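K.L.:
Data: coords31.cif, mmCIF, C-alpha atoms.
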data_protein
loop_
_atom_site.group_PDB
_atom_site.id
_atom_site.type_symbol
_atom_site.label_atom_id
_atom_site.label_comp_id
_atom_site.auth_asym_id
_atom_site.auth_seq_id
_atom_site.Cartn_x
_atom_site.Cartn_y
_atom_site.Cartn_z
ATOM 1 C CA MET S 208 76.431 114.578 116.686
ATOM 2 C CA ARG S 209 78.488 111.522 115.819
ATOM 3 C CA ARG S 210 76.190 110.521 112.943
ATOM 4 C CA SER S 211 76.044 114.046 111.479
ATOM 5 C CA GLY S 212 79.858 114.228 111.371
ATOM 6 C CA ILE S 213 80.031 110.929 109.509
ATOM 7 C CA ALA S 214 77.378 112.059 107.037
ATOM 8 C CA VAL S 215 79.214 115.303 106.266
ATOM 9 C CA ALA S 216 82.543 113.500 105.753
ATOM 10 C CA PHE S 217 81.132 110.986 103.288
ATOM 11 C CA ALA S 218 79.048 113.611 101.467
ATOM 12 C CA VAL S 219 82.018 115.915 100.880
ATOM 13 C CA PHE S 220 84.459 113.185 99.810
ATOM 14 C CA PRO S 221 82.779 112.246 96.480
ATOM 15 C CA MET S 222 82.612 115.940 95.532
ATOM 16 C CA THR S 223 86.329 116.237 96.268
ATOM 17 C CA ILE S 224 87.067 113.321 93.954
ATOM 18 C CA ALA S 225 84.917 114.865 91.231
ATOM 19 C CA ALA S 226 86.815 118.136 91.487
ATOM 20 C CA GLY S 227 90.116 116.248 91.275
ATOM 21 C CA ILE S 228 88.959 114.464 88.142
ATOM 22 C CA ALA S 229 88.137 117.749 86.478
ATOM 23 C CA GLN S 230 91.554 119.194 87.347
ATOM 24 C CA ALA S 231 93.391 116.060 86.184
ATOM 25 C CA GLN S 232 91.965 115.922 82.661
ATOM 26 C CA GLY S 233 94.754 115.948 80.103
ATOM 27 C CA THR S 234 97.576 115.302 82.580
ATOM 28 C CA GLY S 235 99.664 112.186 83.119
ATOM 29 C CA SER S 236 100.052 109.116 80.975
ATOM 30 C CA ALA S 237 100.122 105.394 81.542
ATOM 31 C CA LYS S 238 103.545 103.926 82.250
ATOM 32 C CA ALA S 239 104.807 100.448 81.474
ATOM 33 C CA THR S 240 104.974 99.985 85.246
ATOM 34 C CA GLU S 241 105.061 102.205 88.317
ATOM 35 C CA SER S 242 105.763 101.806 92.034
ATOM 36 C CA GLY S 243 105.137 104.286 94.811
ATOM 37 C CA VAL S 244 104.873 105.191 98.480
ATOM 38 C CA THR S 245 101.864 107.127 99.782
ATOM 39 C CA LEU S 246 101.352 108.843 103.147
ATOM 40 C CA TYR S 247 97.692 109.451 104.044
ATOM 41 C CA GLY S 248 95.703 111.448 106.519
ATOM 42 C CA GLY S 249 92.048 110.556 106.956
ATOM 43 C CA TYR S 250 88.872 110.245 108.960
ATOM 44 C CA ARG S 251 87.438 106.895 110.078
ATOM 45 C CA ALA S 252 83.952 105.912 111.271
ATOM 46 C CA SER S 253 82.674 102.601 112.696
ATOM 47 C CA ASN S 254 79.636 100.491 113.403
ATOM 48 C CA GLN S 255 78.518 99.731 116.956
ATOM 49 C CA LEU S 256 79.424 96.761 119.141
ATOM 50 C CA THR S 257 77.659 95.510 122.288
ATOM 51 C CA GLU S 258 78.516 95.467 125.997
ATOM 52 C CA ALA S 259 78.416 91.771 126.926
ATOM 53 C CA SER S 260 76.604 91.892 130.270
ATOM 54 C CA THR S 261 74.151 94.803 129.795
ATOM 55 C CA GLU S 262 73.520 94.518 126.013
ATOM 56 C CA GLN S 263 74.053 98.297 125.742
ATOM 57 C CA ASN S 264 75.588 99.743 122.564
ATOM 58 C CA VAL S 265 79.362 100.225 122.526
ATOM 59 C CA TYR S 266 80.463 103.089 120.297
ATOM 60 C CA VAL S 267 83.825 103.193 118.531
ATOM 61 C CA ASN S 268 84.243 106.949 118.262
ATOM 62 C CA SER S 269 84.869 108.467 114.836
ATOM 63 C CA GLY S 270 88.053 110.443 114.353
ATOM 64 C CA ALA S 271 91.359 111.058 112.597
ATOM 65 C CA SER S 272 93.394 108.233 111.081
ATOM 66 C CA TYR S 273 96.746 107.812 109.333
ATOM 67 C CA ALA S 274 97.906 105.344 106.719
ATOM 68 C CA LEU S 275 100.889 104.239 104.633
ATOM 69 C CA ALA S 276 100.717 102.368 101.304
ATOM 70 C CA VAL S 277 103.700 100.846 99.494
ATOM 71 C CA ASP S 278 102.929 99.788 95.908
ATOM 72 C CA PHE S 279 105.079 97.615 93.611
ATOM 73 C CA GLY S 280 104.411 97.762 89.882
ATOM 74 C CA ILE S 281 103.445 94.573 88.028
ATOM 75 C CA ASP S 282 102.370 95.840 84.602
ATOM 76 C CA ARG S 283 100.601 98.832 83.006
ATOM 77 C CA ASN S 284 97.493 98.441 85.142
ATOM 78 C CA ARG S 285 98.363 96.546 88.329
ATOM 79 C CA GLN S 286 100.410 96.900 91.497
ATOM 80 C CA TRP S 287 101.020 94.784 94.562
ATOM 81 C CA GLU S 288 100.245 96.785 97.700
ATOM 82 C CA ILE S 289 101.215 96.654 101.376
ATOM 83 C CA PHE S 290 98.792 98.855 103.335
ATOM 84 C CA TYR S 291 98.932 99.970 106.985
ATOM 85 C CA SER S 292 96.392 102.186 108.742
ATOM 86 C CA ARG S 293 96.122 103.371 112.364
ATOM 87 C CA GLN S 294 93.504 105.155 114.439
ATOM 88 C CA LYS S 295 93.590 106.162 118.102
ATOM 89 C CA THR S 296 90.046 106.439 119.404
ATOM 90 C CA GLN S 297 87.796 105.553 122.370
ATOM 91 C CA LEU S 298 85.156 103.004 123.283
ATOM 92 C CA THR S 299 82.137 104.521 125.029
ATOM 93 C CA SER S 300 78.965 102.889 126.333
ATOM 94 C CA ALA S 301 76.198 103.514 128.846
ATOM 95 C CA GLY S 302 76.806 99.909 129.895
ATOM 96 C CA PHE S 303 80.339 100.584 131.098
ATOM 97 C CA SER S 304 80.967 101.398 134.740
ATOM 98 C CA ALA S 305 81.923 104.977 135.562
ATOM 99 C CA ALA S 306 85.519 103.850 136.087
ATOM 100 C CA ALA S 307 85.673 102.048 132.750
ATOM 101 C CA ASP S 308 83.995 104.582 130.441
ATOM 102 C CA ASN S 309 85.876 106.236 127.567
ATOM 103 C CA VAL S 310 88.360 103.403 127.105
ATOM 104 C CA PRO S 311 91.226 104.558 124.832
ATOM 105 C CA ILE S 312 91.875 102.069 122.030
ATOM 106 C CA THR S 313 94.202 101.903 119.022
ATOM 107 C CA ILE S 314 92.907 100.125 115.912
ATOM 108 C CA GLU S 315 95.540 99.075 113.360
ATOM 109 C CA TYR S 316 95.238 97.327 109.998
ATOM 110 C CA LEU S 317 98.018 95.577 108.098
ATOM 111 C CA HIS S 318 96.936 94.232 104.699
ATOM 112 C CA ALA S 319 98.589 92.758 101.636
ATOM 113 C CA GLY S 320 96.786 93.089 98.321
ATOM 114 C CA GLY S 321 96.860 95.112 95.148
ATOM 115 C CA THR S 322 95.592 98.047 93.108
ATOM 116 C CA TYR S 323 94.116 98.152 89.617
ATOM 117 C CA PHE S 324 94.055 101.249 87.347
ATOM 118 C CA PRO S 325 91.626 100.667 84.421
ATOM 119 C CA GLN S 326 93.118 103.543 82.369
ATOM 120 C CA GLY S 327 96.715 102.651 83.187
ATOM 121 C CA LEU S 328 99.088 103.408 86.050
ATOM 122 C CA GLY S 329 99.946 106.983 86.918
ATOM 123 C CA ASN S 330 96.633 108.768 86.474
ATOM 124 C CA GLY S 331 92.918 108.409 87.050
ATOM 125 C CA SER S 332 90.598 106.109 88.944
ATOM 126 C CA TYR S 333 91.629 102.884 90.679
ATOM 127 C CA VAL S 334 90.315 100.148 92.930
ATOM 128 C CA ALA S 335 92.213 98.276 95.651
ATOM 129 C CA ALA S 336 91.742 95.298 97.951
ATOM 130 C CA GLY S 337 93.686 93.681 100.756
ATOM 131 C CA LEU S 338 93.677 90.808 103.246
ATOM 132 C CA GLY S 339 95.396 90.720 106.587
ATOM 133 C CA ALA S 340 94.875 91.400 110.272
ATOM 134 C CA THR S 341 93.392 93.957 112.649
ATOM 135 C CA LEU S 342 95.063 94.697 115.985
ATOM 136 C CA LEU S 343 92.719 96.110 118.666
ATOM 137 C CA SER S 344 94.752 97.487 121.579
ATOM 138 C CA PRO S 345 92.862 99.036 124.522
ATOM 139 C CA ASP S 346 94.992 101.365 126.647
ATOM 140 C CA ARG S 347 93.624 100.484 130.055
ATOM 141 C CA ALA S 348 95.041 98.317 132.841
ATOM 142 C CA GLY S 349 93.408 94.897 132.961
ATOM 143 C CA LEU S 350 92.516 94.785 129.256
ATOM 144 C CA SER S 351 94.334 92.694 126.681
ATOM 145 C CA SER S 352 94.911 93.295 122.963
ATOM 146 C CA VAL S 353 93.107 91.232 120.337
ATOM 147 C CA THR S 354 94.200 90.322 116.785
ATOM 148 C CA LYS S 355 91.542 89.330 114.242
ATOM 149 C CA PRO S 356 91.468 88.577 110.479
ATOM 150 C CA SER S 357 90.202 91.352 108.219
ATOM 151 C CA LEU S 358 89.855 92.572 104.652
ATOM 152 C CA SER S 359 89.578 95.960 102.956
ATOM 153 C CA LEU S 360 88.168 97.341 99.700
ATOM 154 C CA ALA S 361 88.909 100.783 98.280
ATOM 155 C CA ALA S 362 88.135 103.106 95.383
ATOM 156 C CA GLY S 363 90.077 106.244 94.594
ATOM 157 C CA PHE S 364 91.539 108.696 92.138
ATOM 158 C CA LEU S 365 95.180 109.614 91.508
ATOM 159 C CA ILE S 366 95.981 113.157 90.363
ATOM 160 C CA PRO S 367 99.585 113.317 89.030
ATOM 161 C CA PHE S 368 101.879 116.259 89.753
ATOM 162 C CA GLY S 369 104.685 115.801 87.248
ATOM 163 C CA LYS S 370 106.571 112.512 86.967
ATOM 164 C CA ASN S 371 107.263 111.753 90.615
ATOM 165 C CA LEU S 372 104.434 113.113 92.761
ATOM 166 C CA GLY S 373 100.704 112.586 92.968
ATOM 167 C CA LEU S 374 97.642 113.222 95.112
ATOM 168 C CA ARG S 375 95.496 110.210 95.988
ATOM 169 C CA LEU S 376 91.865 110.627 97.062
ATOM 170 C CA GLU S 377 90.518 107.367 98.447
ATOM 171 C CA ALA S 378 87.531 105.828 100.206
ATOM 172 C CA ARG S 379 88.297 102.537 101.962
ATOM 173 C CA GLY S 380 86.099 100.114 103.865
ATOM 174 C CA TYR S 381 87.252 97.506 106.391
ATOM 175 C CA ALA S 382 85.591 94.361 107.713
ATOM 176 C CA THR S 383 87.075 92.585 110.738
ATOM 177 C CA LEU S 384 85.767 89.159 111.772
ATOM 178 C CA LEU S 385 85.297 89.219 115.563
ATOM 179 C CA ASN S 386 82.991 86.198 116.018
ATOM 180 C CA ASN S 387 82.877 87.039 119.715
ATOM 181 C CA SER S 388 79.924 86.317 122.007
ATOM 182 C CA GLY S 389 81.331 88.102 125.045
ATOM 183 C CA GLY S 390 84.467 88.912 126.976
ATOM 184 C CA MET S 391 86.613 90.473 124.264
ATOM 185 C CA PHE S 392 89.550 92.393 125.836
ATOM 186 C CA CYS S 393 89.237 90.416 129.095
ATOM 187 C CA ASP S 394 92.598 89.788 130.765
ATOM 188 C CA SER S 395 93.077 86.211 131.982
ATOM 189 C CA ASN S 396 94.678 87.472 135.218
ATOM 190 C CA THR S 397 92.378 90.338 136.188
ATOM 191 C CA GLY S 398 89.045 89.272 134.689
ATOM 192 C CA CYS S 399 86.631 91.453 132.707
ATOM 193 C CA THR S 400 86.700 95.144 133.574
ATOM 194 C CA VAL S 401 85.286 95.805 130.076
ATOM 195 C CA ALA S 402 83.486 93.020 128.185
ATOM 196 C CA VAL S 403 82.602 93.685 124.529
ATOM 197 C CA LYS S 404 81.003 91.368 121.976
ATOM 198 C CA GLY S 405 80.106 91.448 118.290
ATOM 199 C CA SER S 406 80.248 89.376 115.135
ATOM 200 C CA ALA S 407 82.200 91.915 113.077
ATOM 201 C CA LEU S 408 83.688 95.401 113.154
ATOM 202 C CA TYR S 409 83.008 97.510 110.065
ATOM 203 C CA GLN S 410 84.836 100.782 109.460
ATOM 204 C CA GLY S 411 84.798 103.329 106.648
ATOM 205 C CA GLU S 412 87.653 105.720 105.950
ATOM 206 C CA ALA S 413 88.074 108.805 103.774
ATOM 207 C CA LEU S 414 91.756 109.365 102.905
ATOM 208 C CA VAL S 415 93.889 112.017 101.206
ATOM 209 C CA GLY S 416 97.467 111.012 100.432
ATOM 210 C CA LEU S 417 100.657 112.394 98.907
ATOM 211 C CA SER S 418 102.416 109.846 96.683
ATOM 212 C CA ALA S 419 106.042 109.541 95.715
ATOM 213 C CA ARG S 420 105.997 107.718 92.330
ATOM 214 C CA PHE S 421 108.896 105.973 90.626
#
Could the structure of this file be written out as structure tokens, please?

P.N.:
Amino acid sequence: MRRSGIAVAFAVFPMTIAAGIAQAQGTGSAKATESGVTLYGGYRASNQLTEASTEQNVYVNSGASYALAVDFGIDRNRQWEIFYSRQKTQLTSAGFSAAADNVPITIEYLHAGGTYFPQGLGNGSYVAAGLGATLLSPDRAGLSSVTKPSLSLAAGFLIPFGKNLGLRLEARGYATLLNNSGGMFCDSNTGCTVAVKGSALYQGEALVGLSARF
């Protein structure tokens, strides 16, 4: 069920972008520079990790996400970008004890990077990239939060609505370096009620955002 939901989300998203492109033909024009703030809603899916003692799969459940991007114009094609994204989800595994299963966890990204519009700012396709950190915060007594380095890459399309608004359709991928062989989230005082390991966390996100442009 989890895999079919992911497949539907990522099959529909390219068709949505294509429809937006068709609607946006003939609208908007490149500006000398442009800044903006975008609020997103989205859907995020993840790869699997591993339970350290049993070697069972640990699933990071797919679900809703939210994001905020603040862009600062550089020239006709480029912007600096500060990007924040947040997802509240759960860790599930057959290797967890009955008391520890369905561990609530919040996954947050904070990245600094930039966007590039080949046809000029204000309209059309773009790519984006960022570097920063991932905060993994389990909401369960005896588990500690973990901060790891991460990067993101994105491709999207901006549909302008007049001079000051726009709709952004975006697909973004994240890679977080875990480099952990066991015991992630273990609290130094209470020990390991949940022990997770993995070399990296990969997530994919489909986003729709409303932009204020200036």

K.L.:
Could you spell out the hits of the PyMOL selection byres ((chain S and resi 384) around 9) on the shown file, as a list in words?

P.N.:
Lys355, Pro356, Ser357, Leu358, Ala382, Thr383, Leu385, Asn386, Asn387, Gly405, Ser406, Ala407, Leu408 and Tyr409 of chain S

K.L.:
What's around S:Asn284 at 9 Å? Count all atoms listed in the file, leave out sequence neighbours fewer than 2 positions away in its own chain, and write the answer as a PyMOL selection string.

P.N.:
chain S and resi 237-240+280-282+286+322-328

K.L.:
Which one is closest to S:Thr245: S:Ser352, S:Lys404, S:Arg379, S:Leu275? Count all atoms listed in the file.

P.N.:
S:Leu275

K.L.:
Would you kindly return, as a PyMOL selection string, each protein, DNA or RNA residue with an atom no farther than 8 Å from any atom of stretch 292-303 of chain S, considering only C-alpha atoms and excluding same-chain residues fewer than 6 positions away?

P.N.:
chain S and resi 251+258+261-275+309-317+401

K.L.:
What is the atom CA of S:Glu412 to atom CA of S:Ile366 distance in Å?

P.N.:
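So the two atoms, atom CA of S:Glu412 and atom CA of S:Ile366, lie 19.2 Å apart.
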
K.L.:
Output as AutoDock Vina command-line options the centre and edge lengths (Å, one decimal) of the box along x, y and z of the file that holds every listed atom of stretch 322-327 of chain S after adding 8 Å on each side.

P.N.:
--center_x 94.2 --center_y 100.8 --center_z 87.7 --size_x 21.1 --size_y 21.5 --size_z 26.7

K.L.:
With distances taken over all atoms listed in the file, which of S:Val415, S:Ala319, S:Ala362, S:Leu338 is nearest to S:Trp287?

P.N.:
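Checking each candidate against S:Trp287, we get S:Ala319 as the closest.
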
K.L.:
Atom CA of S:Pro367 to atom CA of S:Leu414: how many Å, to one decimal?

P.N.:
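So the two atoms, atom CA of S:Pro367 and atom CA of S:Leu414, lie 16.4 Å apart.
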
K.L.:
Separation of atom CA of S:Gly331 and atom CA of S:Gly248, in Å?

P.N.:
19.9 Å

K.L.:
Pick out the residues sitting within 6 Å of S:Arg375, and hand them over as a list in words; count all atoms listed in the file, and ignore anything fewer than 3 positions along from it in its own chain.

P.N.:
Phe364, Leu365, Val415 and Gly416 of chain S

K.L.:
So, counting only C-alpha atoms, which residue among S:Ser344, S:Asn330, S:Ser351, S:Asn371 is closest to S:Arg420?

P.N.:
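Selected residue with least distance to S:Arg420: S:Asn371.
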